[in-house]
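Shown next: input.pdb, containing PDB, N, CA, C and O atoms.
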ATOM      1  N   ASN A   1       0.833  -1.185   0.000
ATOM      2  CA  ASN A   1       0.000   0.000   0.000
ATOM      3  C   ASN A   1       0.870   1.238   0.000
ATOM      4  O   ASN A   1       1.774   1.374   0.807
ATOM      5  N   VAL A   2       0.561   2.131  -0.902
ATOM      6  CA  VAL A   2       1.256   3.405  -0.971
ATOM      7  C   VAL A   2       0.493   4.394  -0.094
ATOM      8  O   VAL A   2      -0.732   4.497  -0.178
ATOM      9  N   CYS A   3       1.208   5.097   0.761
ATOM     10  CA  CYS A   3       0.578   6.128   1.569
ATOM     11  C   CYS A   3       0.258   7.313   0.665
ATOM     12  O   CYS A   3       1.122   7.802  -0.060
ATOM     13  N   THR A   4      -0.987   7.776   0.700
ATOM     14  CA  THR A   4      -1.390   8.913  -0.132
ATOM     15  C   THR A   4      -1.913  10.069   0.709
ATOM     16  O   THR A   4      -2.630  10.930   0.211
ATOM     17  N   ASN A   5      -1.543  10.094   1.979
ATOM     18  CA  ASN A   5      -1.913  11.214   2.830
ATOM     19  C   ASN A   5      -1.172  12.467   2.343
ATOM     20  O   ASN A   5      -0.274  12.395   1.512
ATOM     21  N   LEU A   6      -1.541  13.617   2.841
ATOM     22  CA  LEU A   6      -1.017  14.883   2.341
ATOM     23  C   LEU A   6       0.507  14.959   2.295
ATOM     24  O   LEU A   6       1.069  15.289   1.251
ATOM     25  N   PRO A   7       1.238  14.667   3.378
ATOM     26  CA  PRO A   7       2.696  14.793   3.303
ATOM     27  C   PRO A   7       3.308  13.904   2.211
ATOM     28  O   PRO A   7       4.187  14.342   1.477
ATOM     29  N   CYS A   8       2.847  12.678   2.098
ATOM     30  CA  CYS A   8       3.370  11.789   1.056
ATOM     31  C   CYS A   8       2.959  12.282  -0.328
ATOM     32  O   CYS A   8       3.753  12.259  -1.267
ATOM     33  N   SER A   9       1.728  12.742  -0.461
ATOM     34  CA  SER A   9       1.264  13.248  -1.758
ATOM     35  C   SER A   9       2.063  14.459  -2.203
ATOM     36  O   SER A   9       2.389  14.598  -3.385
ATOM     37  N   LEU A  10       2.385  15.332  -1.265
ATOM     38  CA  LEU A  10       3.182  16.505  -1.606
ATOM     39  C   LEU A  10       4.579  16.127  -2.081
ATOM     40  O   LEU A  10       5.222  16.884  -2.795
ATOM     41  N   ARG A  11       5.026  14.958  -1.699
ATOM     42  CA  ARG A  11       6.367  14.503  -2.098
ATOM     43  C   ARG A  11       6.306  13.445  -3.194
ATOM     44  O   ARG A  11       7.266  12.724  -3.409
ATOM     45  N   GLY A  12       5.158  13.331  -3.886
ATOM     46  CA  GLY A  12       5.083  12.506  -5.082
ATOM     47  C   GLY A  12       4.407  11.157  -4.970
ATOM     48  O   GLY A  12       4.483  10.354  -5.894
ATOM     49  N   ALA A  13       3.723  10.880  -3.865
ATOM     50  CA  ALA A  13       3.133   9.561  -3.681
ATOM     51  C   ALA A  13       2.065   9.227  -4.719
ATOM     52  O   ALA A  13       1.972   8.080  -5.159
ATOM     53  N   ARG A  14       1.278  10.180  -5.132
ATOM     54  CA  ARG A  14       0.233   9.882  -6.120
ATOM     55  C   ARG A  14       0.849   9.560  -7.479
ATOM     56  O   ARG A  14       0.379   8.668  -8.178
ATOM     57  N   LEU A  15       1.929  10.236  -7.840
ATOM     58  CA  LEU A  15       2.645   9.884  -9.069
ATOM     59  C   LEU A  15       3.288   8.506  -8.932
ATOM     60  O   LEU A  15       3.313   7.726  -9.882
ATOM     61  N   LEU A  16       3.796   8.216  -7.745
ATOM     62  CA  LEU A  16       4.375   6.908  -7.471
ATOM     63  C   LEU A  16       3.316   5.814  -7.638
ATOM     64  O   LEU A  16       3.559   4.794  -8.290
ATOM     65  N   LEU A  17       2.139   6.043  -7.085
ATOM     66  CA  LEU A  17       1.045   5.076  -7.202
ATOM     67  C   LEU A  17       0.682   4.861  -8.672
ATOM     68  O   LEU A  17       0.530   3.725  -9.118
ATOM     69  N   ARG A  18       0.558   5.937  -9.436
ATOM     70  CA  ARG A  18       0.223   5.815 -10.870
ATOM     71  C   ARG A  18       1.317   5.060 -11.617
ATOM     72  O   ARG A  18       1.035   4.261 -12.500
ATOM     73  N   GLY A  19       2.570   5.308 -11.254
ATOM     74  CA  GLY A  19       3.676   4.594 -11.883
ATOM     75  C   GLY A  19       3.648   3.113 -11.580
ATOM     76  O   GLY A  19       3.924   2.280 -12.452
ATOM     77  N   LEU A  20       3.295   2.758 -10.341
ATOM     78  CA  LEU A  20       3.183   1.339  -9.983
ATOM     79  C   LEU A  20       1.988   0.698 -10.677
ATOM     80  O   LEU A  20       2.062  -0.469 -11.076
ATOM     81  N   GLU A  21       0.905   1.441 -10.839
ATOM     82  CA  GLU A  21      -0.239   0.909 -11.590
ATOM     83  C   GLU A  21       0.196   0.549 -13.007
ATOM     84  O   GLU A  21      -0.123  -0.542 -13.501
ATOM     85  N   ALA A  22       0.928   1.430 -13.644
ATOM     86  CA  ALA A  22       1.392   1.173 -15.008
ATOM     87  C   ALA A  22       2.379   0.006 -15.033
ATOM     88  O   ALA A  22       2.307  -0.859 -15.908
ATOM     89  N   HIS A  23       3.269  -0.046 -14.072
ATOM     90  CA  HIS A  23       4.282  -1.100 -14.009
ATOM     91  C   HIS A  23       3.645  -2.476 -13.798
ATOM     92  O   HIS A  23       4.062  -3.456 -14.422
ATOM     93  N   LEU A  24       2.650  -2.538 -12.933
ATOM     94  CA  LEU A  24       2.018  -3.822 -12.598
ATOM     95  C   LEU A  24       0.837  -4.165 -13.502
ATOM     96  O   LEU A  24       0.380  -5.309 -13.512
ATOM     97  N   GLY A  25       0.317  -3.177 -14.212
ATOM     98  CA  GLY A  25      -0.826  -3.426 -15.092
ATOM     99  C   GLY A  25      -2.141  -3.562 -14.362
ATOM    100  O   GLY A  25      -3.066  -4.207 -14.860
ATOM    101  N   VAL A  26      -2.249  -2.975 -13.183
ATOM    102  CA  VAL A  26      -3.491  -2.984 -12.399
ATOM    103  C   VAL A  26      -3.722  -1.586 -11.838
ATOM    104  O   VAL A  26      -2.797  -0.794 -11.741
ATOM    105  N   LYS A  27      -4.945  -1.321 -11.463
ATOM    106  CA  LYS A  27      -5.289  -0.076 -10.769
ATOM    107  C   LYS A  27      -5.253  -0.341  -9.268
ATOM    108  O   LYS A  27      -5.344  -1.496  -8.816
ATOM    109  N   ALA A  28      -5.154   0.731  -8.489
ATOM    110  CA  ALA A  28      -5.196   0.600  -7.036
ATOM    111  C   ALA A  28      -6.464  -0.139  -6.641
ATOM    112  O   ALA A  28      -7.544   0.147  -7.155
ATOM    113  N   GLY A  29      -6.324  -1.125  -5.768
ATOM    114  CA  GLY A  29      -7.447  -1.947  -5.332
ATOM    115  C   GLY A  29      -7.559  -3.249  -6.104
ATOM    116  O   GLY A  29      -8.360  -4.115  -5.747
ATOM    117  N   GLU A  30      -6.746  -3.412  -7.140
ATOM    118  CA  GLU A  30      -6.786  -4.631  -7.950
ATOM    119  C   GLU A  30      -5.579  -5.512  -7.663
ATOM    120  O   GLU A  30      -4.578  -5.060  -7.105
ATOM    121  N   THR A  31      -5.691  -6.771  -8.076
ATOM    122  CA  THR A  31      -4.634  -7.762  -7.900
ATOM    123  C   THR A  31      -4.082  -8.151  -9.263
ATOM    124  O   THR A  31      -4.848  -8.281 -10.226
ATOM    125  N   THR A  32      -2.786  -8.362  -9.331
ATOM    126  CA  THR A  32      -2.164  -8.778 -10.583
ATOM    127  C   THR A  32      -2.744 -10.117 -11.036
ATOM    128  O   THR A  32      -3.245 -10.896 -10.222
ATOM    129  N   SER A  33      -2.650 -10.393 -12.328
ATOM    130  CA  SER A  33      -3.263 -11.604 -12.891
ATOM    131  C   SER A  33      -2.685 -12.882 -12.301
ATOM    132  O   SER A  33      -3.379 -13.900 -12.248
ATOM    133  N   ASP A  34      -1.450 -12.846 -11.814
ATOM    134  CA  ASP A  34      -0.865 -14.036 -11.193
ATOM    135  C   ASP A  34      -1.244 -14.165  -9.714
ATOM    136  O   ASP A  34      -0.862 -15.125  -9.052
ATOM    137  N   GLY A  35      -1.995 -13.192  -9.204
ATOM    138  CA  GLY A  35      -2.466 -13.244  -7.823
ATOM    139  C   GLY A  35      -1.424 -12.898  -6.782
ATOM    140  O   GLY A  35      -1.681 -13.008  -5.581
ATOM    141  N   ARG A  36      -0.256 -12.458  -7.194
ATOM    142  CA  ARG A  36       0.841 -12.213  -6.256
ATOM    143  C   ARG A  36       0.765 -10.876  -5.541
ATOM    144  O   ARG A  36       1.168 -10.755  -4.391
ATOM    145  N   ILE A  37       0.296  -9.844  -6.243
ATOM    146  CA  ILE A  37       0.380  -8.494  -5.685
ATOM    147  C   ILE A  37      -0.962  -7.800  -5.788
ATOM    148  O   ILE A  37      -1.557  -7.742  -6.864
ATOM    149  N   THR A  38      -1.437  -7.282  -4.666
ATOM    150  CA  THR A  38      -2.598  -6.399  -4.652
ATOM    151  C   THR A  38      -2.068  -5.008  -4.353
ATOM    152  O   THR A  38      -1.445  -4.784  -3.315
ATOM    153  N   LEU A  39      -2.297  -4.108  -5.292
ATOM    154  CA  LEU A  39      -1.822  -2.737  -5.142
ATOM    155  C   LEU A  39      -2.896  -1.916  -4.454
ATOM    156  O   LEU A  39      -4.059  -1.970  -4.841
ATOM    157  N   GLY A  40      -2.517  -1.193  -3.454
ATOM    158  CA  GLY A  40      -3.486  -0.369  -2.749
ATOM    159  C   GLY A  40      -2.879   0.938  -2.299
ATOM    160  O   GLY A  40      -1.695   1.216  -2.509
ATOM    161  N   HIS A  41      -3.707   1.750  -1.698
ATOM    162  CA  HIS A  41      -3.235   2.986  -1.074
ATOM    163  C   HIS A  41      -4.000   3.152   0.218
ATOM    164  O   HIS A  41      -5.071   2.586   0.406
ATOM    165  N   GLU A  42      -3.425   3.877   1.114
ATOM    166  CA  GLU A  42      -4.091   4.134   2.382
ATOM    167  C   GLU A  42      -3.659   5.485   2.920
ATOM    168  O   GLU A  42      -2.646   6.040   2.515
ATOM    169  N   GLU A  43      -4.458   5.980   3.809
ATOM    170  CA  GLU A  43      -4.202   7.276   4.422
ATOM    171  C   GLU A  43      -3.333   7.101   5.653
ATOM    172  O   GLU A  43      -3.678   6.383   6.567
ATOM    173  N   CYS A  44      -2.209   7.732   5.622
ATOM    174  CA  CYS A  44      -1.272   7.887   6.725
ATOM    175  C   CYS A  44      -0.773   6.574   7.320
ATOM    176  O   CYS A  44      -1.464   5.897   8.068
ATOM    177  N   LEU A  45       0.452   6.283   6.968
ATOM    178  CA  LEU A  45       1.149   5.149   7.562
ATOM    179  C   LEU A  45       2.075   5.597   8.688
ATOM    180  O   LEU A  45       2.815   4.809   9.246
ATOM    181  N   GLY A  46       2.015   6.896   9.009
ATOM    182  CA  GLY A  46       2.736   7.416  10.168
ATOM    183  C   GLY A  46       4.232   7.564   9.982
ATOM    184  O   GLY A  46       4.976   7.520  10.956
ATOM    185  N   ALA A  47       4.673   7.727   8.750
ATOM    186  CA  ALA A  47       6.104   7.912   8.507
ATOM    187  C   ALA A  47       6.310   9.146   7.624
ATOM    188  O   ALA A  47       7.080   9.138   6.678
ATOM    189  N   CYS A  48       5.630  10.211   7.974
ATOM    190  CA  CYS A  48       5.610  11.428   7.146
ATOM    191  C   CYS A  48       6.993  11.991   6.875
ATOM    192  O   CYS A  48       7.243  12.537   5.799
ATOM    193  N   ALA A  49       7.897  11.869   7.811
ATOM    194  CA  ALA A  49       9.237  12.419   7.630
ATOM    195  C   ALA A  49      10.032  11.661   6.570
ATOM    196  O   ALA A  49      11.063  12.145   6.116
ATOM    197  N   TYR A  50       9.541  10.498   6.182
ATOM    198  CA  TYR A  50      10.262   9.654   5.221
ATOM    199  C   TYR A  50       9.474   9.478   3.927
ATOM    200  O   TYR A  50       9.654   8.509   3.206
ATOM    201  N   ALA A  51       8.599  10.419   3.638
ATOM    202  CA  ALA A  51       7.713  10.342   2.478
ATOM    203  C   ALA A  51       8.497  10.528   1.178
ATOM    204  O   ALA A  51       9.533  11.184   1.176
ATOM    205  N   PRO A  52       7.987   9.959   0.100
ATOM    206  CA  PRO A  52       6.849   9.047   0.030
ATOM    207  C   PRO A  52       7.261   7.638   0.442
ATOM    208  O   PRO A  52       8.425   7.268   0.343
ATOM    209  N   MET A  53       6.285   6.900   0.897
ATOM    210  CA  MET A  53       6.576   5.557   1.399
ATOM    211  C   MET A  53       5.424   4.608   1.100
ATOM    212  O   MET A  53       4.336   5.035   0.735
ATOM    213  N   MET A  54       5.713   3.321   1.240
ATOM    214  CA  MET A  54       4.678   2.299   1.081
ATOM    215  C   MET A  54       4.955   1.169   2.054
ATOM    216  O   MET A  54       6.070   1.014   2.554
ATOM    217  N   ARG A  55       3.918   0.416   2.322
ATOM    218  CA  ARG A  55       4.001  -0.734   3.225
ATOM    219  C   ARG A  55       3.764  -1.993   2.415
ATOM    220  O   ARG A  55       2.807  -2.087   1.662
ATOM    221  N   VAL A  56       4.656  -2.961   2.565
ATOM    222  CA  VAL A  56       4.480  -4.286   1.972
ATOM    223  C   VAL A  56       4.399  -5.247   3.141
ATOM    224  O   VAL A  56       5.378  -5.422   3.869
ATOM    225  N   ASP A  57       3.215  -5.830   3.328
ATOM    226  CA  ASP A  57       2.937  -6.624   4.521
ATOM    227  C   ASP A  57       3.230  -5.751   5.741
ATOM    228  O   ASP A  57       2.600  -4.744   5.915
ATOM    229  N   GLU A  58       4.206  -6.098   6.540
ATOM    230  CA  GLU A  58       4.506  -5.300   7.738
ATOM    231  C   GLU A  58       5.796  -4.492   7.596
ATOM    232  O   GLU A  58       6.284  -3.926   8.569
ATOM    233  N   THR A  59       6.351  -4.425   6.400
ATOM    234  CA  THR A  59       7.618  -3.734   6.179
ATOM    235  C   THR A  59       7.383  -2.389   5.502
ATOM    236  O   THR A  59       6.689  -2.321   4.487
ATOM    237  N   TYR A  60       7.948  -1.345   6.074
ATOM    238  CA  TYR A  60       7.855  -0.006   5.499
ATOM    239  C   TYR A  60       9.051   0.230   4.573
ATOM    240  O   TYR A  60      10.189  -0.103   4.923
ATOM    241  N   HIS A  61       8.776   0.808   3.417
ATOM    242  CA  HIS A  61       9.803   1.210   2.462
ATOM    243  C   HIS A  61       9.656   2.719   2.320
ATOM    244  O   HIS A  61       8.610   3.203   1.897
ATOM    245  N   GLU A  62      10.715   3.436   2.658
ATOM    246  CA  GLU A  62      10.619   4.891   2.797
ATOM    247  C   GLU A  62      11.529   5.602   1.806
ATOM    248  O   GLU A  62      12.396   4.986   1.187
ATOM    249  N   ASP A  63      11.303   6.931   1.674
ATOM    250  CA  ASP A  63      12.089   7.778   0.766
ATOM    251  C   ASP A  63      12.122   7.190  -0.640
ATOM    252  O   ASP A  63      13.173   7.064  -1.263
ATOM    253  N   LEU A  64      10.955   6.827  -1.149
ATOM    254  CA  LEU A  64      10.863   6.140  -2.432
ATOM    255  C   LEU A  64      10.822   7.089  -3.616
ATOM    256  O   LEU A  64      10.316   8.201  -3.529
ATOM    257  N   ASP A  65      11.326   6.597  -4.716
ATOM    258  CA  ASP A  65      11.031   7.138  -6.026
ATOM    259  C   ASP A  65      10.495   5.941  -6.826
ATOM    260  O   ASP A  65      10.458   4.811  -6.304
ATOM    261  N   LEU A  66      10.080   6.162  -8.047
ATOM    262  CA  LEU A  66       9.453   5.079  -8.809
ATOM    263  C   LEU A  66      10.419   3.918  -9.039
ATOM    264  O   LEU A  66      10.024   2.761  -8.929
ATOM    265  N   GLU A  67      11.666   4.207  -9.315
ATOM    266  CA  GLU A  67      12.642   3.139  -9.539
ATOM    267  C   GLU A  67      12.784   2.244  -8.308
ATOM    268  O   GLU A  67      12.775   1.016  -8.413
ATOM    269  N   LYS A  68      12.898   2.843  -7.128
ATOM    270  CA  LYS A  68      13.016   2.060  -5.891
ATOM    271  C   LYS A  68      11.755   1.251  -5.640
ATOM    272  O   LYS A  68      11.826   0.090  -5.240
ATOM    273  N   ALA A  69      10.587   1.852  -5.864
ATOM    274  CA  ALA A  69       9.322   1.158  -5.620
ATOM    275  C   ALA A  69       9.153  -0.017  -6.592
ATOM    276  O   ALA A  69       8.712  -1.092  -6.185
ATOM    277  N   ARG A  70       9.522   0.161  -7.843
ATOM    278  CA  ARG A  70       9.463  -0.937  -8.806
ATOM    279  C   ARG A  70      10.361  -2.091  -8.360
ATOM    280  O   ARG A  70       9.992  -3.247  -8.450
ATOM    281  N   ARG A  71      11.556  -1.739  -7.897
ATOM    282  CA  ARG A  71      12.485  -2.764  -7.434
ATOM    283  C   ARG A  71      11.887  -3.554  -6.270
ATOM    284  O   ARG A  71      12.010  -4.786  -6.215
ATOM    285  N   VAL A  72      11.248  -2.860  -5.340
ATOM    286  CA  VAL A  72      10.620  -3.529  -4.201
ATOM    287  C   VAL A  72       9.584  -4.537  -4.681
ATOM    288  O   VAL A  72       9.603  -5.703  -4.267
ATOM    289  N   VAL A  73       8.674  -4.130  -5.557
ATOM    290  CA  VAL A  73       7.623  -5.059  -6.002
ATOM    291  C   VAL A  73       8.179  -6.155  -6.897
ATOM    292  O   VAL A  73       7.716  -7.301  -6.833
ATOM    293  N   ASP A  74       9.209  -5.862  -7.681
ATOM    294  CA  ASP A  74       9.797  -6.885  -8.551
ATOM    295  C   ASP A  74      10.526  -7.957  -7.754
ATOM    296  O   ASP A  74      10.657  -9.093  -8.224
ATOM    297  N   GLU A  75      11.004  -7.616  -6.557
ATOM    298  CA  GLU A  75      11.739  -8.569  -5.738
ATOM    299  C   GLU A  75      10.844  -9.381  -4.801
ATOM    300  O   GLU A  75      11.335 -10.252  -4.092
ATOM    301  N   LEU A  76       9.537  -9.128  -4.826
ATOM    302  CA  LEU A  76       8.635  -9.899  -3.976
ATOM    303  C   LEU A  76       8.567 -11.346  -4.458
ATOM    304  O   LEU A  76       8.562 -11.602  -5.643
ATOM    305  N   GLU A  77       8.495 -12.269  -3.518
ATOM    306  CA  GLU A  77       8.402 -13.684  -3.871
ATOM    307  C   GLU A  77       6.965 -14.109  -3.970
ATOM    308  O   GLU A  77       6.102 -13.616  -3.361
TER     309      GLU A  77
END

Could you write out this file's structure as structure tokens?
Amino acid sequence: NVCTNLPCSLRGARLLLRGLEAHLGVKAGETTSDGRITLGHEECLGACAYAPMMRVDETYHEDLDLEKARRVVDELE
């Protein structure tokens, strides 16, 4: 889930989310055709100082750009 609260959005989270949608071929709230990844967004993950960020299961990935976020999802098992 990509945080899309105001601080993250101001630092590019909505563009990050759109980039991940294009990369994965799904919209937020949908699951990839192989069933491996459900892309989502949520309001405030409580890491505003490290925006933009996303949560994968219980792990926070902070200070993201699209390249870093793509790498995170591509490395998921």

Practice problem: Run through the PyMOL selection byres (((chain A and resi 55 and name CA) around 10) and name CA) on the given coordinates and return the selected residues as a PyMOL selection string. | Solution: chain A and resi 1-3+40-42+45+53-54+56-62

How about saving the chosen residues, N, CA, C and O atoms kept, as a PDB file, in the frame of the given file?
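out_21.pdb, written as the output of this step:
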ATOM      1  N   ASN A   1       0.833  -1.185   0.000  1.00  0.00           N
ATOM      2  CA  ASN A   1       0.000   0.000   0.000  1.00  0.00           C
ATOM      3  C   ASN A   1       0.870   1.238   0.000  1.00  0.00           C
ATOM      4  O   ASN A   1       1.774   1.374   0.807  1.00  0.00           O
ATOM      5  N   VAL A   2       0.561   2.131  -0.902  1.00  0.00           N
ATOM      6  CA  VAL A   2       1.256   3.405  -0.971  1.00  0.00           C
ATOM      7  C   VAL A   2       0.493   4.394  -0.094  1.00  0.00           C
ATOM      8  O   VAL A   2      -0.732   4.497  -0.178  1.00  0.00           O
ATOM      9  N   CYS A   3       1.208   5.097   0.761  1.00  0.00           N
ATOM     10  CA  CYS A   3       0.578   6.128   1.569  1.00  0.00           C
ATOM     11  C   CYS A   3       0.258   7.313   0.665  1.00  0.00           C
ATOM     12  O   CYS A   3       1.122   7.802  -0.060  1.00  0.00           O
ATOM     13  N   GLY A  40      -2.517  -1.193  -3.454  1.00  0.00           N
ATOM     14  CA  GLY A  40      -3.486  -0.369  -2.749  1.00  0.00           C
ATOM     15  C   GLY A  40      -2.879   0.938  -2.299  1.00  0.00           C
ATOM     16  O   GLY A  40      -1.695   1.216  -2.509  1.00  0.00           O
ATOM     17  N   HIS A  41      -3.707   1.750  -1.698  1.00  0.00           N
ATOM     18  CA  HIS A  41      -3.235   2.986  -1.074  1.00  0.00           C
ATOM     19  C   HIS A  41      -4.000   3.152   0.218  1.00  0.00           C
ATOM     20  O   HIS A  41      -5.071   2.586   0.406  1.00  0.00           O
ATOM     21  N   GLU A  42      -3.425   3.877   1.114  1.00  0.00           N
ATOM     22  CA  GLU A  42      -4.091   4.134   2.382  1.00  0.00           C
ATOM     23  C   GLU A  42      -3.659   5.485   2.920  1.00  0.00           C
ATOM     24  O   GLU A  42      -2.646   6.040   2.515  1.00  0.00           O
ATOM     25  N   LEU A  45       0.452   6.283   6.968  1.00  0.00           N
ATOM     26  CA  LEU A  45       1.149   5.149   7.562  1.00  0.00           C
ATOM     27  C   LEU A  45       2.075   5.597   8.688  1.00  0.00           C
ATOM     28  O   LEU A  45       2.815   4.809   9.246  1.00  0.00           O
ATOM     29  N   MET A  53       6.285   6.900   0.897  1.00  0.00           N
ATOM     30  CA  MET A  53       6.576   5.557   1.399  1.00  0.00           C
ATOM     31  C   MET A  53       5.424   4.608   1.100  1.00  0.00           C
ATOM     32  O   MET A  53       4.336   5.035   0.735  1.00  0.00           O
ATOM     33  N   MET A  54       5.713   3.321   1.240  1.00  0.00           N
ATOM     34  CA  MET A  54       4.678   2.299   1.081  1.00  0.00           C
ATOM     35  C   MET A  54       4.955   1.169   2.054  1.00  0.00           C
ATOM     36  O   MET A  54       6.070   1.014   2.554  1.00  0.00           O
ATOM     37  N   VAL A  56       4.656  -2.961   2.565  1.00  0.00           N
ATOM     38  CA  VAL A  56       4.480  -4.286   1.972  1.00  0.00           C
ATOM     39  C   VAL A  56       4.399  -5.247   3.141  1.00  0.00           C
ATOM     40  O   VAL A  56       5.378  -5.422   3.869  1.00  0.00           O
ATOM     41  N   ASP A  57       3.215  -5.830   3.328  1.00  0.00           N
ATOM     42  CA  ASP A  57       2.937  -6.624   4.521  1.00  0.00           C
ATOM     43  C   ASP A  57       3.230  -5.751   5.741  1.00  0.00           C
ATOM     44  O   ASP A  57       2.600  -4.744   5.915  1.00  0.00           O
ATOM     45  N   GLU A  58       4.206  -6.098   6.540  1.00  0.00           N
ATOM     46  CA  GLU A  58       4.506  -5.300   7.738  1.00  0.00           C
ATOM     47  C   GLU A  58       5.796  -4.492   7.596  1.00  0.00           C
ATOM     48  O   GLU A  58       6.284  -3.926   8.569  1.00  0.00           O
ATOM     49  N   THR A  59       6.351  -4.425   6.400  1.00  0.00           N
ATOM     50  CA  THR A  59       7.618  -3.734   6.179  1.00  0.00           C
ATOM     51  C   THR A  59       7.383  -2.389   5.502  1.00  0.00           C
ATOM     52  O   THR A  59       6.689  -2.321   4.487  1.00  0.00           O
ATOM     53  N   TYR A  60       7.948  -1.345   6.074  1.00  0.00           N
ATOM     54  CA  TYR A  60       7.855  -0.006   5.499  1.00  0.00           C
ATOM     55  C   TYR A  60       9.051   0.230   4.573  1.00  0.00           C
ATOM     56  O   TYR A  60      10.189  -0.103   4.923  1.00  0.00           O
ATOM     57  N   HIS A  61       8.776   0.808   3.417  1.00  0.00           N
ATOM     58  CA  HIS A  61       9.803   1.210   2.462  1.00  0.00           C
ATOM     59  C   HIS A  61       9.656   2.719   2.320  1.00  0.00           C
ATOM     60  O   HIS A  61       8.610   3.203   1.897  1.00  0.00           O
ATOM     61  N   GLU A  62      10.715   3.436   2.658  1.00  0.00           N
ATOM     62  CA  GLU A  62      10.619   4.891   2.797  1.00  0.00           C
ATOM     63  C   GLU A  62      11.529   5.602   1.806  1.00  0.00           C
ATOM     64  O   GLU A  62      12.396   4.986   1.187  1.00  0.00           O
TER      65      GLU A  62
END

Quiz prompt | Which of A:Gly35, A:Pro52, A:Gly25, A:Gly46 sits closest to A:Asp65 [using all atoms listed in the file] | solution =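 Of A:Gly35, A:Pro52, A:Gly25, A:Gly46, the one nearest A:Asp65 is A:Pro52, counting all atoms listed in the file.
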
Quiz item: Just how far from atom CA of A:Leu10 is atom N of A:Thr32, in Å to one decimal?
Solution: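 We find that atom N of A:Thr32 and atom CA of A:Leu10 lie 26.7 Å from each other.
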
Quiz item: How many Å separate atom CA of A:Lys27 from atom C of A:Leu66?
Solution: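 Between atom CA of A:Lys27 and atom C of A:Leu66 the gap works out to 16.3 Å.
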
Quiz item: Where does DSSP see strand (DSSP E) in chain A, if you list the residues as a ChimeraX atom specification?
Solution: /A:2-3,41-42,54-56,59-61

Quiz item: What separation in Å, quoted to one decimal, exists between atom N of A:Thr38 and atom N of A:Asn5?
Solution: 18.6 Å

Self-check item: Residue among A:Ala69, A:Ala51, A:Leu76, A:Leu64 lying closest to A:Pro7, counting only N, CA, C and O atoms
Solution: A:Ala51

Quiz item: Per DSSP on the backbone, what are the alpha helix (DSSP H) residues of stretch 3-77 of chain A, as a ChimeraX atom specification?
Solution: /A:6-10,13-24,66-74

Quiz item: Can you tell me, as JSON, numbers by chain, what residues are no more than 5 Å from A:Leu39 when counting only N, CA, C and O atoms, ignoring any on the same chain fewer than 3 positions away?
Solution: {"A": [27, 28, 29, 30]}
